[in-house]
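A short worksheet on the structure shown next.
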Amino acid sequence: MTDHNEINICIGGEAGQGLITMGELLARSLVRSGFNIVVTQEYMSRIRGGHNTFAIRVGSGPILAPRESIDILVALSKETITLQRSRLSPHALILTDEGNGAPAELCLLVPYKDFGAEKYENIAALGVVAAMVGIDKAIVTETLRQSFGKKSELLDQNLAALSAGWTWAANQEAHGLFALPSVKESAKKIMLNGNDAMALGALCAGLKFCAFYPMTPATSIPQTLAKYDRDFNLVVEQAEDEIAAINMALGASFCGAPAMVATSGGGFALMAEGVSLAGMTETPLVIVVGQRPGPATGLPTRTEQADLDFILHAGHGEFPRAVFAPGTVEECFCLTRQAFELAEGSQGPVFIMTDQFIADSFRSVSPFKVPEAIFTDGAGAEIFPGGPYRRFVFTPTGISPRLLPGMSENLAVADSDEHTEDGHITEDLMIRKRMVEKRLSKFKGIAERAVPPEYEGDTAPDLLLISWGSTKGSMREAAGTKRAEGSKVATLHFSQVWPLRPEGFIEYLRSAKKTVCIESNAIGQFARLIRRECGFEIKNHVRRYDGLAITPEYILRNLPHGG
Amino acid sequence: MADNKSAVRIEDYGEYETAWCPGCGNFAILKAVKQALVSLNLRPHQVLFVSGIGQAAKAPHYLNANVFNGLHGRALPVATGAKLANPELTVIVESGDGCVYGEGGNHFLAAIRRNINVALLVHNNQVYGLTKGQSSPTSEEGFVTKAQPHGSYAAPFNPIAVAVAMHAGFVARSFSGLEDHLADMIRQAVLYPGFALVDILQPCVSFNKINTYKWYHDRCRPLPSDYDPEHWDTAMKTALEWGEQIPVGVLYRNNRSPFESHFNPGRRNSAELSASERQRLTDVILSYG
């Protein structure tokens, strides 16, 4: 085990065995040691039992995506071995106690009972793995210590378990067995997942209001915000249902609080009328939809990208919108900030689509930069001369200056009915026609600011891989593998899926010999969108809809022949 | 419009053409609302009306104030968000019985639980007007309509009893035919620092031939002068009275803290991030290291 610069560690067990605790501690210790990581969490929809995994792919160089094959399998339950055995790499080791019945030649039998760490098996295992990977024990110890905060009586026992695991591994000559090439002095990295990054992005965008109803995999966004509510004077409110959540957010936004809601497909279904209301009342709103497999309750804790059609069309009537789909944790941060700016600038709904995979995927990233100011396009605009304030005055861009109620003698009036320039209900059909045109005219400004797709690789390639959202890393790694094999490959990734500006990318599609759209759904929703908007048919596809994330191996296995 | 020093006049709230039927109880309610706001010396820009959908929900269009006329049933969540974002605003929700007790029933319960400081004025005519005469959540059993040709099978919702049972902050009932009483109930509801319900009985001259002006007028009785609205047991008993006599007045009141008092204002005053805010953001980001 010397010829490698990355390994894949998978911790498996039942819910309640502390595998996420162990996974996060190990991942953080690795990041603090200067390594790069991509975490994939697979879990079942239950509090106790079942079978869950926390996989950390770690390396000295950049890591783009998860890997299927496992080098170190930490089996906290017998089932882990049964379920994950087919994924073991040729040189893999299974860490297990004697009771789990794995084939002896693959096992490193850890006698947790002997070193009095039965109750803290996960932490003892952390000690063993940390020693095998060869990271500084002091870093792991400090990471564990910090995670306990002031709960010190349990800390001592956990530290003892960690030490026992470490010492045992060293005595077994397992220390450094999977050591990675050490990282040269590197800049400080932080470790966070997509949801964390979106919460931080929202804080840096000046978020003041978040309403939500708990729904996997979006819940940790509002929970992270709630942790900081008093530090930043935020309101984070658990609403009675998703309908209330979006309507509360609109009320807050109408009164000047940059506002967000976060949910998943089923919860978003309830919010659809609110999206339409944001469109009609021209109220800024950021809507995060963390996708999971549907229809209906579907697979609550798994991943999918099957809500694109829904989000593009949700809300009755016609009004502009924008839809972001971050491909990395960094993009989760940056695009969330951008979503707030765009919502404010376009006075309407802006979506961020993620999925369970990226929402829960911890990565090592450079610390985000805090901006100097937040963007407030409409609020506080100059009052134009000539008569009282009219919230929906016709303008060339469709954007009317937005004043806030109660902040001046001017009255802010908004209506879900069709309305006059001053916001009052009307059935004057001439005004109706102009108002439709006014709202739709904002589309131009939104389109001009659209994030173009990212092209990487050879020009006029034999093979062009296309993806959107969280599949970016897996696609790029798969492309790299093909390239190493001698293929002429390029990739095109969309981190904004609406509006599309075909003039910016259509030549990439046309100049490739073969195009393949990679997405986590069954009917190829993004490929169909491209065809509808660009008239270009992406003839080949790699699709996944079994609830698991698309991996580089999955793409390579499923690429059309001759690709 | 009044300048900042002079007293507010009823004219400041304007006078507009409406979409209501002649004889509708809404006219009297609109007038009482204006009277209440004038008596509180509130200027139009200090007030935000939030409404849903229905003939009652159009009321805020017919006076000068800030208005958010949202979706059917959803006025209370919008008002909750608005009040949390700017607690200095006087927030009044005005909508009908179908909107508040039917489509928005869950929000009604949640608003009571939160004790958000908004005044909820419900135009309760026991029938759907805008959709032309179907039964509403407060229609009597057996109420015959085109949609319920054999009479409504469901029992009516008693908003007052539900609100009292849940220890709502302020619970009152009035009738559109008692203009001064109604204006006083609205005034007290707006003044009350918490969730304040005023269930306003009103006739629907077009679609409710049972609960007419005379029907209500013969039954509505102000509470006795020695009635103690802070006594919950009495309030609960009074809340269940409905029939030959219908009590009107402040049935129940308590001293719960308003919901918004738990938060700092969510409104953003400046586009700048202060140095301390930037430092705190940096600290939070680095805490993920």
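By order of appearance in the structure tokens: chains A, B, ..., then residues from 1 within every chain, and ligands from 1 in the order shown.
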Give me every strand (DSSP E) residue in stretch 111-201 of chain B, going by DSSP on the backbone, as a list in words.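 Put together, the selection reads Ala119, Leu120, Leu121, Val122, His123, Asn124, Phe170, Val171, Ala172, Arg173, Ser174, Phe175, Ala196, Leu197, Val198, Asp199, Ile200 and Leu201 of chain B.
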For N, CA and C atoms, I'd like the residues from the last selection saved as a PDB file, in the first residue's frame.
ATOM      1  N   ALA B 119     -53.764  42.343  14.553  1.00  0.00           N
ATOM      2  CA  ALA B 119     -55.209  42.344  14.801  1.00  0.00           C
ATOM      3  C   ALA B 119     -55.866  41.624  13.634  1.00  0.00           C
ATOM      4  N   LEU B 120     -56.658  40.617  13.934  1.00  0.00           N
ATOM      5  CA  LEU B 120     -57.322  39.840  12.887  1.00  0.00           C
ATOM      6  C   LEU B 120     -58.807  40.187  12.873  1.00  0.00           C
ATOM      7  N   LEU B 121     -59.235  40.832  11.817  1.00  0.00           N
ATOM      8  CA  LEU B 121     -60.638  41.220  11.680  1.00  0.00           C
ATOM      9  C   LEU B 121     -61.298  40.272  10.679  1.00  0.00           C
ATOM     10  N   VAL B 122     -62.214  39.462  11.180  1.00  0.00           N
ATOM     11  CA  VAL B 122     -62.842  38.475  10.296  1.00  0.00           C
ATOM     12  C   VAL B 122     -64.276  38.905   9.993  1.00  0.00           C
ATOM     13  N   HIS B 123     -64.518  39.167   8.726  1.00  0.00           N
ATOM     14  CA  HIS B 123     -65.891  39.463   8.282  1.00  0.00           C
ATOM     15  C   HIS B 123     -66.605  38.117   8.200  1.00  0.00           C
ATOM     16  N   ASN B 124     -67.457  37.831   9.173  1.00  0.00           N
ATOM     17  CA  ASN B 124     -68.074  36.504   9.268  1.00  0.00           C
ATOM     18  C   ASN B 124     -69.556  36.588   8.895  1.00  0.00           C
ATOM     19  N   PHE B 170     -56.292  37.885  22.760  1.00  0.00           N
ATOM     20  CA  PHE B 170     -57.438  38.804  22.821  1.00  0.00           C
ATOM     21  C   PHE B 170     -58.519  38.267  21.897  1.00  0.00           C
ATOM     22  N   VAL B 171     -59.718  38.071  22.454  1.00  0.00           N
ATOM     23  CA  VAL B 171     -60.796  37.477  21.657  1.00  0.00           C
ATOM     24  C   VAL B 171     -62.051  38.328  21.811  1.00  0.00           C
ATOM     25  N   ALA B 172     -62.536  38.858  20.693  1.00  0.00           N
ATOM     26  CA  ALA B 172     -63.727  39.708  20.760  1.00  0.00           C
ATOM     27  C   ALA B 172     -64.690  39.348  19.641  1.00  0.00           C
ATOM     28  N   ARG B 173     -65.946  39.693  19.855  1.00  0.00           N
ATOM     29  CA  ARG B 173     -66.949  39.542  18.797  1.00  0.00           C
ATOM     30  C   ARG B 173     -67.724  40.844  18.695  1.00  0.00           C
ATOM     31  N   SER B 174     -68.072  41.182  17.464  1.00  0.00           N
ATOM     32  CA  SER B 174     -68.954  42.327  17.275  1.00  0.00           C
ATOM     33  C   SER B 174     -69.860  42.043  16.086  1.00  0.00           C
ATOM     34  N   PHE B 175     -70.659  43.039  15.752  1.00  0.00           N
ATOM     35  CA  PHE B 175     -71.632  42.897  14.665  1.00  0.00           C
ATOM     36  C   PHE B 175     -71.573  44.180  13.843  1.00  0.00           C
ATOM     37  N   ALA B 196     -54.887  39.386  18.318  1.00  0.00           N
ATOM     38  CA  ALA B 196     -56.217  39.862  18.706  1.00  0.00           C
ATOM     39  C   ALA B 196     -57.222  39.529  17.618  1.00  0.00           C
ATOM     40  N   LEU B 197     -58.189  38.703  17.980  1.00  0.00           N
ATOM     41  CA  LEU B 197     -59.245  38.324  17.033  1.00  0.00           C
ATOM     42  C   LEU B 197     -60.492  39.161  17.276  1.00  0.00           C
ATOM     43  N   VAL B 198     -61.021  39.750  16.202  1.00  0.00           N
ATOM     44  CA  VAL B 198     -62.371  40.308  16.273  1.00  0.00           C
ATOM     45  C   VAL B 198     -63.202  39.582  15.219  1.00  0.00           C
ATOM     46  N   ASP B 199     -64.074  38.725  15.681  1.00  0.00           N
ATOM     47  CA  ASP B 199     -64.982  38.021  14.778  1.00  0.00           C
ATOM     48  C   ASP B 199     -66.184  38.941  14.581  1.00  0.00           C
ATOM     49  N   ILE B 200     -66.354  39.388  13.331  1.00  0.00           N
ATOM     50  CA  ILE B 200     -67.376  40.404  13.065  1.00  0.00           C
ATOM     51  C   ILE B 200     -68.543  39.770  12.308  1.00  0.00           C
ATOM     52  N   LEU B 201     -69.659  39.643  13.008  1.00  0.00           N
ATOM     53  CA  LEU B 201     -70.852  39.097  12.356  1.00  0.00           C
ATOM     54  C   LEU B 201     -71.390  40.139  11.392  1.00  0.00           C
TER      55      LEU B 201
END
Tell me which protein, DNA and RNA residues are within 9 Å of A:Asp546, counting only C-alpha atoms, leaving out same-chain ones fewer than 5 positions away, and put them as a list in words. Pro293, Arg302, Thr303, Glu304, Ser520 and Asn521 of chain A
Residues flagged alpha helix (DSSP H) by DSSP in stretch 257-424 of chain A, as a PyMOL selection string: chain A and resi 265-281+308-313+329-346+356-360
Keeping C-alpha atoms, export the residues of the selection given above as a PDB file, in the first residue's frame.
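As written to disk, result_29.pdb reads:
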ATOM      1  CA  GLY A 265     -39.850  18.476  -3.626  1.00  0.00           C
ATOM      2  CA  GLY A 266     -42.906  17.486  -1.589  1.00  0.00           C
ATOM      3  CA  GLY A 267     -42.731  20.592   0.564  1.00  0.00           C
ATOM      4  CA  PHE A 268     -42.090  22.691  -2.473  1.00  0.00           C
ATOM      5  CA  ALA A 269     -45.282  21.314  -4.035  1.00  0.00           C
ATOM      6  CA  LEU A 270     -47.148  23.070  -1.231  1.00  0.00           C
ATOM      7  CA  MET A 271     -45.214  26.270  -1.887  1.00  0.00           C
ATOM      8  CA  ALA A 272     -46.164  26.480  -5.557  1.00  0.00           C
ATOM      9  CA  GLU A 273     -48.940  29.046  -5.015  1.00  0.00           C
ATOM     10  CA  GLY A 274     -46.436  31.192  -3.123  1.00  0.00           C
ATOM     11  CA  VAL A 275     -44.043  31.141  -6.065  1.00  0.00           C
ATOM     12  CA  SER A 276     -46.809  32.534  -8.219  1.00  0.00           C
ATOM     13  CA  LEU A 277     -47.526  35.142  -5.538  1.00  0.00           C
ATOM     14  CA  ALA A 278     -43.869  36.220  -5.524  1.00  0.00           C
ATOM     15  CA  GLY A 279     -44.111  36.572  -9.297  1.00  0.00           C
ATOM     16  CA  MET A 280     -47.297  38.626  -9.175  1.00  0.00           C
ATOM     17  CA  THR A 281     -46.366  40.882  -6.250  1.00  0.00           C
ATOM     18  CA  LEU A 308     -36.199  20.225 -12.723  1.00  0.00           C
ATOM     19  CA  ASP A 309     -39.361  20.218 -14.834  1.00  0.00           C
ATOM     20  CA  PHE A 310     -41.401  20.936 -11.718  1.00  0.00           C
ATOM     21  CA  ILE A 311     -39.306  23.879 -10.597  1.00  0.00           C
ATOM     22  CA  LEU A 312     -39.122  25.375 -14.067  1.00  0.00           C
ATOM     23  CA  HIS A 313     -42.900  25.394 -14.273  1.00  0.00           C
ATOM     24  CA  VAL A 329     -19.755  23.187  -2.209  1.00  0.00           C
ATOM     25  CA  GLU A 330     -17.998  26.413  -3.249  1.00  0.00           C
ATOM     26  CA  GLU A 331     -20.749  27.031  -5.771  1.00  0.00           C
ATOM     27  CA  CYS A 332     -23.348  26.395  -3.057  1.00  0.00           C
ATOM     28  CA  PHE A 333     -21.888  29.392  -1.234  1.00  0.00           C
ATOM     29  CA  CYS A 334     -21.322  31.712  -4.204  1.00  0.00           C
ATOM     30  CA  LEU A 335     -24.583  30.978  -5.991  1.00  0.00           C
ATOM     31  CA  THR A 336     -26.607  31.441  -2.813  1.00  0.00           C
ATOM     32  CA  ARG A 337     -25.151  34.917  -2.495  1.00  0.00           C
ATOM     33  CA  GLN A 338     -25.858  35.509  -6.150  1.00  0.00           C
ATOM     34  CA  ALA A 339     -29.426  34.210  -5.755  1.00  0.00           C
ATOM     35  CA  PHE A 340     -30.139  36.862  -3.127  1.00  0.00           C
ATOM     36  CA  GLU A 341     -28.734  39.583  -5.366  1.00  0.00           C
ATOM     37  CA  LEU A 342     -30.769  38.377  -8.296  1.00  0.00           C
ATOM     38  CA  ALA A 343     -33.963  38.064  -6.245  1.00  0.00           C
ATOM     39  CA  GLU A 344     -33.483  41.620  -5.044  1.00  0.00           C
ATOM     40  CA  GLY A 345     -32.488  42.870  -8.489  1.00  0.00           C
ATOM     41  CA  SER A 346     -35.278  41.141 -10.382  1.00  0.00           C
ATOM     42  CA  GLN A 356     -29.250  15.000  -0.966  1.00  0.00           C
ATOM     43  CA  PHE A 357     -25.836  14.093  -2.339  1.00  0.00           C
ATOM     44  CA  ILE A 358     -24.361  17.604  -2.342  1.00  0.00           C
ATOM     45  CA  ALA A 359     -26.457  18.776   0.622  1.00  0.00           C
ATOM     46  CA  ASP A 360     -24.741  16.186   2.858  1.00  0.00           C
TER      47      ASP A 360
END
Close residues, B:Leu223 itself excluded, 10 Å, only C-alpha atoms, min 5 positions apart in chain, as a CSV table (one decimal) with N, CA and C atoms, in the first residue's frame:
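The result, written out as result01.csv:
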chain,number,residue,atom,x,y,z
B,228,ASP,N,-65.8,39.8,33.4
B,228,ASP,CA,-64.3,39.9,33.5
B,228,ASP,C,-63.6,39.0,32.4
B,229,PRO,N,-63.1,39.7,31.4
B,229,PRO,CA,-62.5,39.0,30.2
B,229,PRO,C,-61.2,38.2,30.6
B,238,THR,N,-68.9,31.5,28.0
B,238,THR,CA,-69.5,32.5,27.2
B,238,THR,C,-69.3,32.3,25.7
B,246,ILE,N,-76.6,36.2,21.4
B,246,ILE,CA,-75.2,36.0,21.0
B,246,ILE,C,-74.4,37.1,21.7
B,247,PRO,N,-73.5,36.8,22.6
B,247,PRO,CA,-72.7,37.8,23.3
B,247,PRO,C,-71.7,38.5,22.4
B,248,VAL,N,-71.7,39.8,22.5
B,248,VAL,CA,-70.7,40.6,21.8
B,248,VAL,C,-69.8,41.4,22.7
B,249,GLY,N,-68.6,41.6,22.4
B,249,GLY,CA,-67.7,42.4,23.3
B,249,GLY,C,-66.3,41.6,23.4
B,250,VAL,N,-65.5,42.1,24.4
B,250,VAL,CA,-64.2,41.4,24.6
B,250,VAL,C,-64.5,40.2,25.5
B,251,LEU,N,-64.5,39.0,24.9
B,251,LEU,CA,-64.8,37.8,25.7
B,251,LEU,C,-63.6,37.3,26.5
How close does each residue of chain B get to chain A, giving the shortest atom pair and distance in Å to one decimal for every residue with an atom at most 8 Å away, counting only C-alpha atoms, sorted by chain and residue number, as CSV?
residue,atom,partner,partner_atom,distance
B:Pro44,CA,A:Leu411,CA,7.7
B:His45,CA,A:Gly406,CA,5.2
B:Gln46,CA,A:Gly406,CA,5.1
B:Val47,CA,A:Gly406,CA,7.1
B:Leu48,CA,A:Pro405,CA,7.1
B:His61,CA,A:His424,CA,6.2
B:Asn64,CA,A:Leu411,CA,7.8
B:Ala65,CA,A:Leu411,CA,6.1
B:Asn66,CA,A:Ala412,CA,4.9
B:Val67,CA,A:Val413,CA,4.5
B:Phe68,CA,A:Ala414,CA,4.9
B:Asn69,CA,A:Asp415,CA,4.6
B:Gly70,CA,A:Ser416,CA,5.1
B:Leu71,CA,A:Ser416,CA,6.4
B:Arg74,CA,A:Asn247,CA,6.7
B:Pro77,CA,A:Met248,CA,4.6
B:Val78,CA,A:Gly251,CA,4.1
B:Ala79,CA,A:Gly251,CA,6.0
B:Thr80,CA,A:Met248,CA,6.1
B:Gly81,CA,A:Met248,CA,4.2
B:Ala82,CA,A:Ala252,CA,4.4
B:Lys83,CA,A:Ala252,CA,7.5
B:Leu84,CA,A:Ala252,CA,6.9
B:Ala85,CA,A:Ala252,CA,5.1
B:Asn86,CA,A:Cys255,CA,6.4
B:Glu88,CA,A:Gly406,CA,8.0
B:Leu89,CA,A:Gly406,CA,6.3
B:Asn106,CA,A:Glu240,CA,7.1
B:His107,CA,A:Ala244,CA,7.0
B:Ala110,CA,A:Glu240,CA,6.4
B:Phe263,CA,A:Val235,CA,6.5
B:Asn264,CA,A:Asn233,CA,5.4
B:Pro265,CA,A:Asn233,CA,6.9
B:Gly266,CA,A:Lys208,CA,5.1
B:Arg267,CA,A:Ala257,CA,4.4
B:Arg268,CA,A:Ala257,CA,5.8
B:Ala271,CA,A:Ile374,CA,5.1
B:Glu272,CA,A:Ala373,CA,4.4
B:Leu273,CA,A:Ala373,CA,5.0
B:Glu277,CA,A:Phe232,CA,7.5
B:Arg278,CA,A:Val370,CA,6.4
B:Arg280,CA,A:Asp231,CA,7.8
B:Leu281,CA,A:Val370,CA,6.8
B:Thr282,CA,A:Val370,CA,6.4
B:Ile285,CA,A:Pro367,CA,6.5
B:Leu286,CA,A:Pro367,CA,6.6
B:Ser287,CA,A:Ile190,CA,7.9
B:Tyr288,CA,A:Ile190,CA,5.1
B:Gly289,CA,A:Ile190,CA,3.9
Which residues come within 6 Å of B:Val118, counting only C-alpha atoms, excluding same-chain residues fewer than 6 positions away, as a ChimeraX atom specification? /B:91-92,195
Distance atom CA of B:Gln188-atom CA of A:Gln238, one decimal place?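 Going from atom CA of B:Gln188 over to atom CA of A:Gln238, I get 29.3 Å.
As for atom CA of A:Val74 and atom CA of A:Gly49, they are spaced 16.6 Å apart.
As for atom CA of A:Gly59 and atom CA of A:Leu162, they are spaced 22.7 Å apart.
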Which residues, written as a PyMOL selection string, have at least one atom at most 12 Å from A:Tyr112, with only C-alpha atoms counted and residues fewer than 3 positions away on the same chain left out? chain A and resi 76+95-99+108-109+115-128+161-166+168-169
Output file for the selection above: C-alpha atoms, as an mmCIF file, in the first residue's frame:
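Below is the file selection.cif, written as the result:
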data_model
loop_
_atom_site.group_PDB
_atom_site.id
_atom_site.type_symbol
_atom_site.label_atom_id
_atom_site.label_comp_id
_atom_site.auth_asym_id
_atom_site.auth_seq_id
_atom_site.Cartn_x
_atom_site.Cartn_y
_atom_site.Cartn_z
ATOM 1 C CA LEU A 76 -19.694 -1.354 12.860
ATOM 2 C CA LEU A 95 -12.009 -3.217 10.346
ATOM 3 C CA THR A 96 -14.319 -5.278 12.454
ATOM 4 C CA ASP A 97 -14.528 -6.909 15.825
ATOM 5 C CA GLU A 98 -14.482 -10.669 16.038
ATOM 6 C CA GLY A 99 -18.204 -11.037 16.065
ATOM 7 C CA LEU A 108 -8.197 -6.414 10.610
ATOM 8 C CA LEU A 109 -9.877 -7.800 13.713
ATOM 9 C CA PHE A 115 -9.311 -2.294 25.356
ATOM 10 C CA GLY A 116 -12.421 -1.380 27.272
ATOM 11 C CA ALA A 117 -13.849 0.640 24.461
ATOM 12 C CA GLU A 118 -16.938 -1.409 23.707
ATOM 13 C CA LYS A 119 -19.245 1.500 24.394
ATOM 14 C CA TYR A 120 -17.112 3.841 22.305
ATOM 15 C CA GLU A 121 -16.414 1.509 19.434
ATOM 16 C CA ASN A 122 -16.840 4.318 16.907
ATOM 17 C CA ILE A 123 -14.184 6.443 18.626
ATOM 18 C CA ALA A 124 -11.833 3.499 19.074
ATOM 19 C CA ALA A 125 -12.277 2.787 15.366
ATOM 20 C CA LEU A 126 -11.477 6.441 14.691
ATOM 21 C CA GLY A 127 -8.187 5.932 16.539
ATOM 22 C CA VAL A 128 -7.380 2.836 14.489
ATOM 23 C CA ALA A 161 -11.082 4.954 23.505
ATOM 24 C CA LEU A 162 -9.314 6.981 20.825
ATOM 25 C CA SER A 163 -5.951 6.361 22.417
ATOM 26 C CA ALA A 164 -6.621 2.650 22.872
ATOM 27 C CA GLY A 165 -7.522 2.303 19.208
ATOM 28 C CA TRP A 166 -4.473 4.233 18.132
ATOM 29 C CA TRP A 168 -3.549 -1.054 19.273
ATOM 30 C CA ALA A 169 -3.127 -0.153 15.593
#
Pick out the residues sitting within 8 Å of A:Arg67, and hand them over as a PyMOL selection string; count only C-alpha atoms, and ignore anything fewer than 2 positions along from it in its own chain. chain A and resi 8+57+65+69-70+551-553
Would you mind exporting C-alpha atoms of the selected residues as a PDB file, in the first residue's frame?
ATOM      1  CA  ASN A   8     -11.590   5.681   0.128  1.00  0.00           C
ATOM      2  CA  ARG A  57     -12.585   9.780  -0.197  1.00  0.00           C
ATOM      3  CA  ALA A  65     -16.092  13.123  -6.667  1.00  0.00           C
ATOM      4  CA  SER A  69     -14.424   1.049  -4.471  1.00  0.00           C
ATOM      5  CA  ILE A  70     -13.474   0.985  -0.790  1.00  0.00           C
ATOM      6  CA  THR A 551     -20.151   8.388  -9.470  1.00  0.00           C
ATOM      7  CA  PRO A 552     -17.302   8.519 -12.002  1.00  0.00           C
ATOM      8  CA  GLU A 553     -17.391   4.699 -12.194  1.00  0.00           C
TER       9      GLU A 553
END
Near A:Phe394, counting only C-alpha atoms, which residues have an atom at most 7 Å away, once you skip same-chain residues fewer than 4 positions from it, shown as a ChimeraX atom specification? /A:398,400,438
Residues of the last selection are to be written out with C-alpha atoms, as an mmCIF file, in the first residue's frame.
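Dumped to selection11.cif:
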data_model
loop_
_atom_site.group_PDB
_atom_site.id
_atom_site.type_symbol
_atom_site.label_atom_id
_atom_site.label_comp_id
_atom_site.auth_asym_id
_atom_site.auth_seq_id
_atom_site.Cartn_x
_atom_site.Cartn_y
_atom_site.Cartn_z
ATOM 1 C CA GLY A 398 -39.798 46.252 -15.897
ATOM 2 C CA SER A 400 -40.147 49.452 -10.424
ATOM 3 C CA LYS A 438 -43.925 44.569 -17.544
#
